[in-house]
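Below is one structure; the comments refer to it alone.
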Amino acid sequence: MPHFDIVIIGNSAAGLQAIRTIRRHCRRTTIALIDREDSPAYSRVLTPYFIGGKTGRDNLFIVDGSFYREMGVATFFGQAAAALDPERGEVRLDNGETLHFGSLLLALGSEARPFSPGLKRVSTLRHMADADKLEGLLKPAACVTALGAGLVSVPVLSHLSPDVERHLIVSSGRIFSRLLDAESAAILEEHFTAAGVHLHKRNDIVEVSEGDRLHLTLASGEKLATDALVVGKGVIPNTTLARQAGLIVKDGIVVDEHCRTSYPAIYAAGDAAEGKDFVTGETTVQGNWITAVEQGEVAALNMLGLDRLYEGSMKNNITEVFGIDVAVVGYCSDDAPRTVTHGSGASRRFRKLFLNEKDRIIGAVVIGETNDSGLYYQMVRARSPFPGKQLLHGDNRYGAFMLQIA
Ligand SMILES: Cc1cc2nc3c(=O)[nH]c(=O)nc-3n(C[C@H](O)[C@H](O)[C@H](O)COP(=O)(O)OP(=O)(O)OC[C@H]3O[C@@H](n4cnc5c(N)ncnc54)[C@H](O)[C@@H]3O)c2cc1C
């Protein structure tokens with residue numbers, strides 16, 4: 001049975017960062033990388049651009065095959081990890097092969113919540129196979145409907161040609177309800193409507209039938225004929241392997257501040273992991289690319305024996321929707337003790353800071369120009385006191401603010 005010092009399951013944000021981190025510190029550590037997808041790592045974040053024809057498929061790949069050779073990684077692609085034995089330090093693949101590990105990183109990500117599987121004109125979006133299906137489905141479509149207003153469905157609609165009729169069905173009273181506050185969401189909603197999107201709020205699909213087109217009946221009673229339906233109704237962390245092996249699992253695989261699971265030689269990172277939120281201190285599955293990278297790095301350092309603490313994850317999303325940039329950093333909920341805003345939706349430049357009871361910055365929403373969103377990220381991480389409203393004016397004094405918080 002082959003032995004590796006470190007086995008990583010999951011060839012994406014968390015897994016790749018772990019490999020890079022290990023190799024920055026040590027050439028000799030033996031590494032195996034398992035992924036059931038048989039391709040070099042790609043960016044899920046960019047798949048909506050590919051589906052909308054704004055970038056080619058090749059541009060989705062973050063690395064090519066030579067990366068793994070240069071990093072000295074033994075790849076087991078196209079094979080799923082089927083079982084885990086923590087006591088023996090073994091992972092069994094679905095082809096029957098077993099790998100022995102010193103340490104293991106579960107960078108398993110998550111899956112899209114399924115919806116009416118089997119319908120040809122319906123798809124979720126998580127993997128390259130979904131992106132390929134949607135690209136084929138949406139290319140000839142005159143009307144596309146998305147269910148759920150999150151970071152999967154909205155970008156897909158947004159990158160379609162403006163001639164396509166677009167419908168967005170949202171169960172809550174507003175878009176991005178899990179991501180940002182009501183005021184910022186209202187600004188974006190106005191922008192979406194101006195871009196021609198038909199918003200169906202406080203609504204759902206209660207019936208679907210498929211013929212030449214899809215026929216949807218909404219909870220409101222409205223009927224909608226559409227050529228394709230993209231479903232983005234949340235994700236489910238991949239926890240089965242960990243659960244079956246007896247690791248502690250809540251929504252995700254529970255990790256401590258070293259990204260270590262309840263079993264000492266096993267770590268978890270990214271969308272599969274449930275760790276501390278930097279602002280609230282509660283455990284959460286953060287579900288964004290940067291958290292996966294940060295946790296992948298911390299897990300790798302600890303697997304190498306370099307004691308490293310992770311202070312917690314936070315929201316950190318920068319995206320472009322219907323031609324407008326949006327950045328969401330940290331805690332951006334309506335119940336923040338104090339908020340400070342600058343600009344407006346009409347000016348296409350809006351900034352909102354979220355402060356705690358000690359007037360420290362805990363979050364920011366930036367709509368329009370997002371170049372300085374990294375500054376807000378650093379300020380939340382540094383638990384910076386609010387320096388005054390001029391911070392939001394964008395008067396090129398960010399360097400001074402950075403020095404202030406350094
Ligand atoms: C359409 C879309 C848009 C997004 N937009 C944004 C955005 O704008 N900003 C942002 O921050 N985030 C965004 N995200 C989320 C982001 O992509 C994830 O947070 C990130 O990919 C998490 O990385 P990960 O390494 O934890 O897991 P994943 O990227 O999910 O990768 C996990 C890997 O593990 C493999 N795997 C799982 N189980 C097994 C097994 N048993 N055996 C072998 N292999 C296995 C999977 O095949 C997969 O390759 C988006 C996601 C999607 C789908």
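To be explicit about the labels: the chains of the structure tokens are called A, B, and onward in the order shown, and within each one the residues are counted from 1, while ligands get numbers from 1 in the order they are shown.
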
Taking the chain letters and numbering used in this document, name the residues of stretch 162-259 of chain A that DSSP puts in strand (DSSP E or B), as a PDB file with N, CA and C atoms, in the first residue's frame.
ATOM      1  N   GLU A 165     -34.403  37.070 -22.588  1.00  0.00           N
ATOM      2  CA  GLU A 165     -35.377  37.400 -21.527  1.00  0.00           C
ATOM      3  C   GLU A 165     -34.936  36.670 -20.255  1.00  0.00           C
ATOM      4  N   ARG A 166     -34.815  37.415 -19.140  1.00  0.00           N
ATOM      5  CA  ARG A 166     -34.257  36.814 -17.915  1.00  0.00           C
ATOM      6  C   ARG A 166     -35.201  36.979 -16.730  1.00  0.00           C
ATOM      7  N   HIS A 167     -35.448  35.864 -16.066  1.00  0.00           N
ATOM      8  CA  HIS A 167     -36.317  35.869 -14.879  1.00  0.00           C
ATOM      9  C   HIS A 167     -35.523  35.373 -13.679  1.00  0.00           C
ATOM     10  N   LEU A 168     -35.737  36.024 -12.532  1.00  0.00           N
ATOM     11  CA  LEU A 168     -35.073  35.606 -11.297  1.00  0.00           C
ATOM     12  C   LEU A 168     -36.137  35.372 -10.233  1.00  0.00           C
ATOM     13  N   ILE A 169     -36.208  34.121  -9.753  1.00  0.00           N
ATOM     14  CA  ILE A 169     -37.226  33.765  -8.747  1.00  0.00           C
ATOM     15  C   ILE A 169     -36.545  33.644  -7.389  1.00  0.00           C
ATOM     16  N   HIS A 198     -36.572  40.299 -14.845  1.00  0.00           N
ATOM     17  CA  HIS A 198     -37.896  40.206 -14.216  1.00  0.00           C
ATOM     18  C   HIS A 198     -37.709  39.532 -12.865  1.00  0.00           C
ATOM     19  N   LEU A 199     -37.934  40.300 -11.796  1.00  0.00           N
ATOM     20  CA  LEU A 199     -37.744  39.756 -10.440  1.00  0.00           C
ATOM     21  C   LEU A 199     -39.062  39.216  -9.900  1.00  0.00           C
ATOM     22  N   HIS A 200     -39.029  37.981  -9.406  1.00  0.00           N
ATOM     23  CA  HIS A 200     -40.237  37.382  -8.801  1.00  0.00           C
ATOM     24  C   HIS A 200     -39.900  37.117  -7.342  1.00  0.00           C
ATOM     25  N   ILE A 205     -40.994  27.888  -7.262  1.00  0.00           N
ATOM     26  CA  ILE A 205     -41.559  27.063  -8.336  1.00  0.00           C
ATOM     27  C   ILE A 205     -42.319  25.919  -7.686  1.00  0.00           C
ATOM     28  N   VAL A 206     -43.585  25.771  -8.014  1.00  0.00           N
ATOM     29  CA  VAL A 206     -44.346  24.682  -7.389  1.00  0.00           C
ATOM     30  C   VAL A 206     -44.591  23.531  -8.362  1.00  0.00           C
ATOM     31  N   GLU A 207     -44.425  23.805  -9.651  1.00  0.00           N
ATOM     32  CA  GLU A 207     -44.639  22.734 -10.635  1.00  0.00           C
ATOM     33  C   GLU A 207     -43.774  22.993 -11.868  1.00  0.00           C
ATOM     34  N   VAL A 208     -43.200  21.920 -12.409  1.00  0.00           N
ATOM     35  CA  VAL A 208     -42.391  22.042 -13.626  1.00  0.00           C
ATOM     36  C   VAL A 208     -42.816  20.958 -14.599  1.00  0.00           C
ATOM     37  N   SER A 209     -43.039  21.320 -15.851  1.00  0.00           N
ATOM     38  CA  SER A 209     -43.220  20.273 -16.853  1.00  0.00           C
ATOM     39  C   SER A 209     -42.352  20.627 -18.056  1.00  0.00           C
ATOM     40  N   GLU A 210     -41.882  19.573 -18.724  1.00  0.00           N
ATOM     41  CA  GLU A 210     -40.907  19.786 -19.792  1.00  0.00           C
ATOM     42  C   GLU A 210     -41.432  19.278 -21.122  1.00  0.00           C
ATOM     43  N   LEU A 214     -39.631  24.665 -20.993  1.00  0.00           N
ATOM     44  CA  LEU A 214     -40.013  24.315 -19.619  1.00  0.00           C
ATOM     45  C   LEU A 214     -41.221  25.149 -19.244  1.00  0.00           C
ATOM     46  N   HIS A 215     -42.183  24.532 -18.623  1.00  0.00           N
ATOM     47  CA  HIS A 215     -43.360  25.276 -18.171  1.00  0.00           C
ATOM     48  C   HIS A 215     -43.348  25.283 -16.649  1.00  0.00           C
ATOM     49  N   LEU A 216     -43.208  26.479 -16.084  1.00  0.00           N
ATOM     50  CA  LEU A 216     -43.093  26.616 -14.635  1.00  0.00           C
ATOM     51  C   LEU A 216     -44.369  27.225 -14.074  1.00  0.00           C
ATOM     52  N   THR A 217     -44.841  26.668 -12.972  1.00  0.00           N
ATOM     53  CA  THR A 217     -45.924  27.323 -12.232  1.00  0.00           C
ATOM     54  C   THR A 217     -45.316  27.851 -10.939  1.00  0.00           C
ATOM     55  N   LEU A 218     -45.497  29.134 -10.700  1.00  0.00           N
ATOM     56  CA  LEU A 218     -44.929  29.749  -9.507  1.00  0.00           C
ATOM     57  C   LEU A 218     -45.939  29.703  -8.357  1.00  0.00           C
ATOM     58  N   LYS A 223     -47.677  31.701 -14.471  1.00  0.00           N
ATOM     59  CA  LYS A 223     -47.090  30.631 -15.310  1.00  0.00           C
ATOM     60  C   LYS A 223     -45.981  31.245 -16.150  1.00  0.00           C
ATOM     61  N   LEU A 224     -44.936  30.477 -16.318  1.00  0.00           N
ATOM     62  CA  LEU A 224     -43.777  31.003 -17.038  1.00  0.00           C
ATOM     63  C   LEU A 224     -43.272  29.926 -17.992  1.00  0.00           C
ATOM     64  N   ALA A 225     -43.117  30.289 -19.282  1.00  0.00           N
ATOM     65  CA  ALA A 225     -42.497  29.349 -20.227  1.00  0.00           C
ATOM     66  C   ALA A 225     -41.069  29.831 -20.456  1.00  0.00           C
ATOM     67  N   THR A 226     -40.121  28.921 -20.294  1.00  0.00           N
ATOM     68  CA  THR A 226     -38.710  29.330 -20.384  1.00  0.00           C
ATOM     69  C   THR A 226     -37.918  28.237 -21.095  1.00  0.00           C
ATOM     70  N   ALA A 228     -34.691  27.464 -20.289  1.00  0.00           N
ATOM     71  CA  ALA A 228     -33.755  26.797 -19.363  1.00  0.00           C
ATOM     72  C   ALA A 228     -33.962  27.338 -17.963  1.00  0.00           C
ATOM     73  N   LEU A 229     -33.656  26.478 -16.995  1.00  0.00           N
ATOM     74  CA  LEU A 229     -33.746  26.883 -15.587  1.00  0.00           C
ATOM     75  C   LEU A 229     -32.412  26.579 -14.894  1.00  0.00           C
ATOM     76  N   VAL A 230     -31.823  27.622 -14.315  1.00  0.00           N
ATOM     77  CA  VAL A 230     -30.579  27.464 -13.549  1.00  0.00           C
ATOM     78  C   VAL A 230     -30.956  27.518 -12.080  1.00  0.00           C
ATOM     79  N   VAL A 231     -30.566  26.489 -11.336  1.00  0.00           N
ATOM     80  CA  VAL A 231     -30.976  26.441  -9.933  1.00  0.00           C
ATOM     81  C   VAL A 231     -29.781  26.747  -9.025  1.00  0.00           C
ATOM     82  N   VAL A 235     -25.971  25.370  -1.029  1.00  0.00           N
ATOM     83  CA  VAL A 235     -25.019  24.269  -1.201  1.00  0.00           C
ATOM     84  C   VAL A 235     -25.014  23.359   0.031  1.00  0.00           C
ATOM     85  N   ILE A 236     -24.545  22.141  -0.186  1.00  0.00           N
ATOM     86  CA  ILE A 236     -24.444  21.166   0.907  1.00  0.00           C
ATOM     87  C   ILE A 236     -22.978  20.739   1.007  1.00  0.00           C
ATOM     88  N   PRO A 237     -22.327  21.046   2.132  1.00  0.00           N
ATOM     89  CA  PRO A 237     -20.925  20.633   2.282  1.00  0.00           C
ATOM     90  C   PRO A 237     -20.773  19.115   2.157  1.00  0.00           C
ATOM     91  N   VAL A 249     -19.187  16.290  12.851  1.00  0.00           N
ATOM     92  CA  VAL A 249     -19.725  17.036  11.711  1.00  0.00           C
ATOM     93  C   VAL A 249     -20.988  17.752  12.171  1.00  0.00           C
ATOM     94  N   ILE A 253     -17.633  19.881   8.302  1.00  0.00           N
ATOM     95  CA  ILE A 253     -16.722  19.102   9.157  1.00  0.00           C
ATOM     96  C   ILE A 253     -16.123  20.088  10.161  1.00  0.00           C
ATOM     97  N   VAL A 254     -16.353  19.827  11.433  1.00  0.00           N
ATOM     98  CA  VAL A 254     -15.960  20.802  12.455  1.00  0.00           C
ATOM     99  C   VAL A 254     -14.435  20.839  12.606  1.00  0.00           C
TER     100      VAL A 254
END

Would you name the residues within 6 Å of ligand 1, counting only C-alpha atoms and all ligand atoms, and put them as an MDAnalysis selection string? chainID A and resid 9:15 34:37 44:45 47:48 80:82 107:110 125:126 151:152 270:272 287:290 292 317:319

Just-selected residues, N, CA and C atoms written as a short mmCIF file (atom, residue, chain, number, x, y, z; two decimals), in the first residue's frame:
data_model
loop_
_atom_site.label_atom_id
_atom_site.label_comp_id
_atom_site.auth_asym_id
_atom_site.auth_seq_id
_atom_site.Cartn_x
_atom_site.Cartn_y
_atom_site.Cartn_z
N ILE A 9 -7.52 15.44 -0.25
CA ILE A 9 -8.67 15.09 -1.10
C ILE A 9 -9.35 16.40 -1.48
N GLY A 10 -9.36 16.70 -2.78
CA GLY A 10 -9.96 17.95 -3.27
C GLY A 10 -8.95 18.82 -3.98
N ASN A 11 -9.09 18.90 -5.30
CA ASN A 11 -8.15 19.62 -6.16
C ASN A 11 -8.77 20.97 -6.54
N SER A 12 -8.88 21.85 -5.55
CA SER A 12 -9.48 23.16 -5.86
C SER A 12 -8.83 24.20 -4.96
N ALA A 13 -9.58 25.24 -4.58
CA ALA A 13 -8.97 26.37 -3.86
C ALA A 13 -8.17 25.92 -2.64
N ALA A 14 -8.79 25.14 -1.76
CA ALA A 14 -8.13 24.77 -0.51
C ALA A 14 -6.98 23.79 -0.76
N GLY A 15 -7.22 22.79 -1.59
CA GLY A 15 -6.21 21.77 -1.86
C GLY A 15 -4.98 22.36 -2.53
N ILE A 34 -6.05 13.57 -4.39
CA ILE A 34 -7.15 12.76 -4.94
C ILE A 34 -8.26 13.70 -5.37
N ASP A 35 -8.82 13.49 -6.56
CA ASP A 35 -10.06 14.21 -6.92
C ASP A 35 -10.87 13.37 -7.90
N ARG A 36 -12.15 13.32 -7.68
CA ARG A 36 -12.98 12.49 -8.59
C ARG A 36 -13.14 13.15 -9.94
N GLU A 37 -12.87 14.46 -10.04
CA GLU A 37 -12.89 15.12 -11.35
C GLU A 37 -11.52 14.89 -11.99
N ARG A 44 -14.35 27.70 -10.17
CA ARG A 44 -15.83 27.65 -10.23
C ARG A 44 -16.39 29.06 -10.35
N VAL A 45 -15.67 30.04 -9.76
CA VAL A 45 -16.14 31.42 -9.74
C VAL A 45 -16.29 31.97 -11.17
N THR A 47 -17.03 30.17 -13.89
CA THR A 47 -17.87 29.39 -14.80
C THR A 47 -19.05 30.19 -15.38
N PRO A 48 -19.68 31.14 -14.62
CA PRO A 48 -20.76 31.91 -15.24
C PRO A 48 -20.29 32.74 -16.45
N ALA A 80 -12.76 8.75 -6.78
CA ALA A 80 -13.35 9.31 -5.56
C ALA A 80 -12.80 8.60 -4.34
N ALA A 81 -12.61 9.36 -3.27
CA ALA A 81 -12.28 8.74 -1.98
C ALA A 81 -13.59 8.16 -1.45
N ALA A 82 -13.61 6.84 -1.24
CA ALA A 82 -14.86 6.17 -0.89
C ALA A 82 -14.99 5.89 0.60
N ALA A 107 -10.40 18.55 1.70
CA ALA A 107 -10.72 19.81 1.01
C ALA A 107 -11.80 19.50 -0.02
N LEU A 108 -12.89 18.93 0.50
CA LEU A 108 -13.90 18.26 -0.34
C LEU A 108 -14.94 19.18 -0.93
N GLY A 109 -14.98 20.46 -0.49
CA GLY A 109 -15.94 21.40 -1.06
C GLY A 109 -17.38 21.05 -0.74
N SER A 110 -18.28 21.48 -1.61
CA SER A 110 -19.70 21.22 -1.37
C SER A 110 -20.38 20.91 -2.70
N LEU A 125 -25.31 24.46 -10.80
CA LEU A 125 -23.97 24.77 -11.28
C LEU A 125 -22.98 24.63 -10.14
N ARG A 126 -22.12 23.65 -10.24
CA ARG A 126 -21.05 23.49 -9.26
C ARG A 126 -19.76 23.03 -9.95
N LEU A 151 -24.83 33.74 -5.37
CA LEU A 151 -23.64 33.93 -6.21
C LEU A 151 -23.53 32.93 -7.35
N VAL A 152 -24.50 32.01 -7.47
CA VAL A 152 -24.49 31.10 -8.60
C VAL A 152 -25.44 31.59 -9.68
N GLY A 270 -11.93 24.91 3.62
CA GLY A 270 -12.79 25.32 2.51
C GLY A 270 -14.26 25.06 2.75
N ASP A 271 -14.99 24.87 1.66
CA ASP A 271 -16.45 24.76 1.73
C ASP A 271 -16.95 23.56 2.52
N ALA A 272 -16.07 22.56 2.75
CA ALA A 272 -16.50 21.39 3.52
C ALA A 272 -16.33 21.61 5.01
N GLY A 287 -17.96 29.35 2.92
CA GLY A 287 -18.32 29.13 1.51
C GLY A 287 -17.83 30.18 0.54
N ASN A 288 -16.61 30.68 0.73
CA ASN A 288 -16.06 31.53 -0.34
C ASN A 288 -14.63 31.13 -0.66
N TRP A 289 -14.18 31.55 -1.82
CA TRP A 289 -12.88 31.11 -2.36
C TRP A 289 -11.73 31.50 -1.43
N ILE A 290 -11.78 32.73 -0.92
CA ILE A 290 -10.63 33.22 -0.13
C ILE A 290 -10.54 32.48 1.20
N ALA A 292 -11.36 29.40 1.63
CA ALA A 292 -10.78 28.08 1.28
C ALA A 292 -9.26 28.19 1.16
N ASN A 317 -16.34 38.57 -0.79
CA ASN A 317 -16.76 38.29 -2.16
C ASN A 317 -16.67 39.56 -3.00
N ILE A 318 -16.03 39.42 -4.13
CA ILE A 318 -16.02 40.52 -5.09
C ILE A 318 -16.55 39.95 -6.39
N THR A 319 -17.57 40.55 -6.91
CA THR A 319 -18.14 40.02 -8.13
C THR A 319 -18.70 41.14 -9.00
#

Please list as a PyMOL selection string every residue within 10 Å of A:Met303, counting only C-alpha atoms and excluding residues in the same chain fewer than 3 positions away. chain A and resi 5-6+18+22+102-105+258-260+264-267+297-300+306-308

Separation of atom CA of A:Lys352 from atom CA of A:Ala364, in Å and rounded to one decimal: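 Atom CA of A:Lys352 sits 5.6 Å away from atom CA of A:Ala364.
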
Nearby residues (only C-alpha atoms) at most 10 Å from A:Asn59, same-chain spacing under 3 positions excluded, as a PyMOL selection string: chain A and resi 42-43+46-47+49-50+55-56+62-63

Preceding selection exported with C-alpha atoms as a compact mmCIF listing (two decimals), in the first residue's frame:
# COMPACT_ATOMS: atom_id res chain seq x y z
CA TYR A 42 -10.32 25.25 -12.42
CA SER A 43 -12.16 28.27 -11.06
CA LEU A 46 -15.47 32.01 -13.46
CA THR A 47 -17.87 29.39 -14.80
CA TYR A 49 -18.50 33.96 -17.58
CA PHE A 50 -17.85 30.85 -19.67
CA THR A 55 -14.54 33.75 -21.71
CA GLY A 56 -13.31 30.51 -23.21
CA ILE A 62 -5.98 27.79 -12.77
CA VAL A 63 -3.06 25.44 -13.39

As a ChimeraX atom specification, please: the residues near stretch 329-337 of chain A (cut-off 12 Å, only C-alpha atoms, same-chain neighbours under 3 positions excluded). /A:176-185,277-281,286,288,290-291,312-319,326,340,351-367,370,372-383

Would you mind listing what lies within 9 Å of A:Val91 as an NGL selection string, with only C-alpha atoms counted and same-chain residues fewer than 5 positions away left out? :A and (7 or 81-86 or 97-101 or 104)

Export N, CA and C atoms of the chosen residues as a PDB file, in the first residue's frame?
ATOM      1  N   VAL A   7      -1.844  13.339   2.451  1.00  0.00           N
ATOM      2  CA  VAL A   7      -2.821  13.068   1.389  1.00  0.00           C
ATOM      3  C   VAL A   7      -3.858  14.192   1.435  1.00  0.00           C
ATOM      4  N   ALA A  81     -12.609   9.360  -3.271  1.00  0.00           N
ATOM      5  CA  ALA A  81     -12.283   8.740  -1.984  1.00  0.00           C
ATOM      6  C   ALA A  81     -13.588   8.160  -1.454  1.00  0.00           C
ATOM      7  N   ALA A  82     -13.606   6.840  -1.238  1.00  0.00           N
ATOM      8  CA  ALA A  82     -14.862   6.175  -0.893  1.00  0.00           C
ATOM      9  C   ALA A  82     -14.988   5.886   0.596  1.00  0.00           C
ATOM     10  N   ALA A  83     -13.852   5.728   1.291  1.00  0.00           N
ATOM     11  CA  ALA A  83     -13.914   5.429   2.724  1.00  0.00           C
ATOM     12  C   ALA A  83     -12.633   5.893   3.395  1.00  0.00           C
ATOM     13  N   LEU A  84     -12.781   6.177   4.683  1.00  0.00           N
ATOM     14  CA  LEU A  84     -11.665   6.718   5.440  1.00  0.00           C
ATOM     15  C   LEU A  84     -11.564   5.948   6.749  1.00  0.00           C
ATOM     16  N   ASP A  85     -10.331   5.504   7.066  1.00  0.00           N
ATOM     17  CA  ASP A  85     -10.106   4.836   8.356  1.00  0.00           C
ATOM     18  C   ASP A  85      -9.088   5.663   9.147  1.00  0.00           C
ATOM     19  N   PRO A  86      -9.560   6.524  10.055  1.00  0.00           N
ATOM     20  CA  PRO A  86      -8.637   7.413  10.771  1.00  0.00           C
ATOM     21  C   PRO A  86      -7.632   6.657  11.630  1.00  0.00           C
ATOM     22  N   GLU A  97      -8.150   0.825  -4.652  1.00  0.00           N
ATOM     23  CA  GLU A  97      -6.799   1.129  -4.179  1.00  0.00           C
ATOM     24  C   GLU A  97      -6.874   1.828  -2.810  1.00  0.00           C
ATOM     25  N   THR A  98      -5.869   1.572  -1.960  1.00  0.00           N
ATOM     26  CA  THR A  98      -5.846   2.224  -0.640  1.00  0.00           C
ATOM     27  C   THR A  98      -4.544   2.997  -0.478  1.00  0.00           C
ATOM     28  N   LEU A  99      -4.641   4.228   0.038  1.00  0.00           N
ATOM     29  CA  LEU A  99      -3.451   5.037   0.305  1.00  0.00           C
ATOM     30  C   LEU A  99      -3.308   5.182   1.814  1.00  0.00           C
ATOM     31  N   HIS A 100      -2.065   5.125   2.272  1.00  0.00           N
ATOM     32  CA  HIS A 100      -1.786   5.326   3.691  1.00  0.00           C
ATOM     33  C   HIS A 100      -1.276   6.746   3.878  1.00  0.00           C
ATOM     34  N   PHE A 101      -1.733   7.437   4.923  1.00  0.00           N
ATOM     35  CA  PHE A 101      -1.279   8.829   5.113  1.00  0.00           C
ATOM     36  C   PHE A 101      -0.691   9.062   6.500  1.00  0.00           C
ATOM     37  N   LEU A 104      -3.899  13.992   6.777  1.00  0.00           N
ATOM     38  CA  LEU A 104      -4.891  14.036   5.689  1.00  0.00           C
ATOM     39  C   LEU A 104      -5.587  15.391   5.703  1.00  0.00           C
TER      40      LEU A 104
END
